[in-house]
Amino acid sequence: MTAQPPDPGVYIPPAQMYAEVQRLGRKVDQIDGKLDRFLEEMREVKSDLSDHEARIRALELGETERQKRNEARIAGAEARRWPLPAIGAATGVAGAVTAVVAMFVR
């Protein structure tokens, strides 16, 4: 049997190693830039979310100006509503009295 020559392995010249390291550095810079943009967008989303949560809480608690204005209008309408049944009852009583008086006058 003859002996096998030793495996010489893979030889990568320094220029090729340098070019590969440079390429990887550019890729890392690209990823870093994209990550920075992503983080900035996430900060904006977080601030928008906080704003929306505050608005929803205000709506749930009835603290908006529009809700306060509407509550005042409804309370005013309810306060002015009581004369209508009273007027209707008074009209009915007046009609009944008129009918009774008309029966005895004949």
# chains A, B, ... in the order shown; residues from 1 in each chain; ligands from 1
>>> select_by_dssp(residues="chain A", states="alpha helix (DSSP H)", output="PyMOL selection string")
chain A and resi 14-61+65-80+83-105
>>> closest_atom_pairs(of="range 37-86 of chain A", to="range 90-95 of chain A", cutoff="10 Å", atoms="only C-alpha atoms", output="tab-separated table")
residue	atom	partner	partner_atom	distance
A:Leu84	CA	A:Ala90	CA	9.9
A:Pro85	CA	A:Ala90	CA	8.5
A:Ala86	CA	A:Ala90	CA	6.1
>>> write_last_selection(atoms="all heavy atoms", output="mmCIF file, in the first residue's frame")
data_model
loop_
_atom_site.group_PDB
_atom_site.id
_atom_site.type_symbol
_atom_site.label_atom_id
_atom_site.label_comp_id
_atom_site.auth_asym_id
_atom_site.auth_seq_id
_atom_site.Cartn_x
_atom_site.Cartn_y
_atom_site.Cartn_z
ATOM 1 N N LEU A 84 -94.723 68.339 30.630
ATOM 2 C CA LEU A 84 -95.574 67.731 29.604
ATOM 3 C C LEU A 84 -96.615 66.775 30.195
ATOM 4 O O LEU A 84 -97.803 66.888 29.873
ATOM 5 C CB LEU A 84 -94.699 67.033 28.558
ATOM 6 C CG LEU A 84 -93.802 67.973 27.735
ATOM 7 C CD1 LEU A 84 -92.938 67.171 26.786
ATOM 8 C CD2 LEU A 84 -94.638 68.972 26.979
ATOM 9 N N PRO A 85 -96.253 65.834 31.058
ATOM 10 C CA PRO A 85 -97.291 64.986 31.645
ATOM 11 C C PRO A 85 -98.243 65.783 32.541
ATOM 12 O O PRO A 85 -99.453 65.492 32.581
ATOM 13 C CB PRO A 85 -96.514 63.969 32.475
ATOM 14 C CG PRO A 85 -95.124 63.977 31.943
ATOM 15 C CD PRO A 85 -94.922 65.353 31.402
ATOM 16 N N ALA A 86 -97.734 66.797 33.218
ATOM 17 C CA ALA A 86 -98.596 67.612 34.076
ATOM 18 C C ALA A 86 -99.620 68.378 33.242
ATOM 19 O O ALA A 86 -100.803 68.474 33.609
ATOM 20 C CB ALA A 86 -97.752 68.575 34.893
#
>>> atom_distance(atom1="CA of Val28 in chain A", atom2="CA of Pro14 in chain A")
20.8 Å
>>> atom_distance(atom1="CA of Arg81 in chain A", atom2="CA of Leu59 in chain A")
27.6 Å
>>> atom_distance(atom1="CA of Asp36 in chain A", atom2="CA of Ser50 in chain A")
21.2 Å
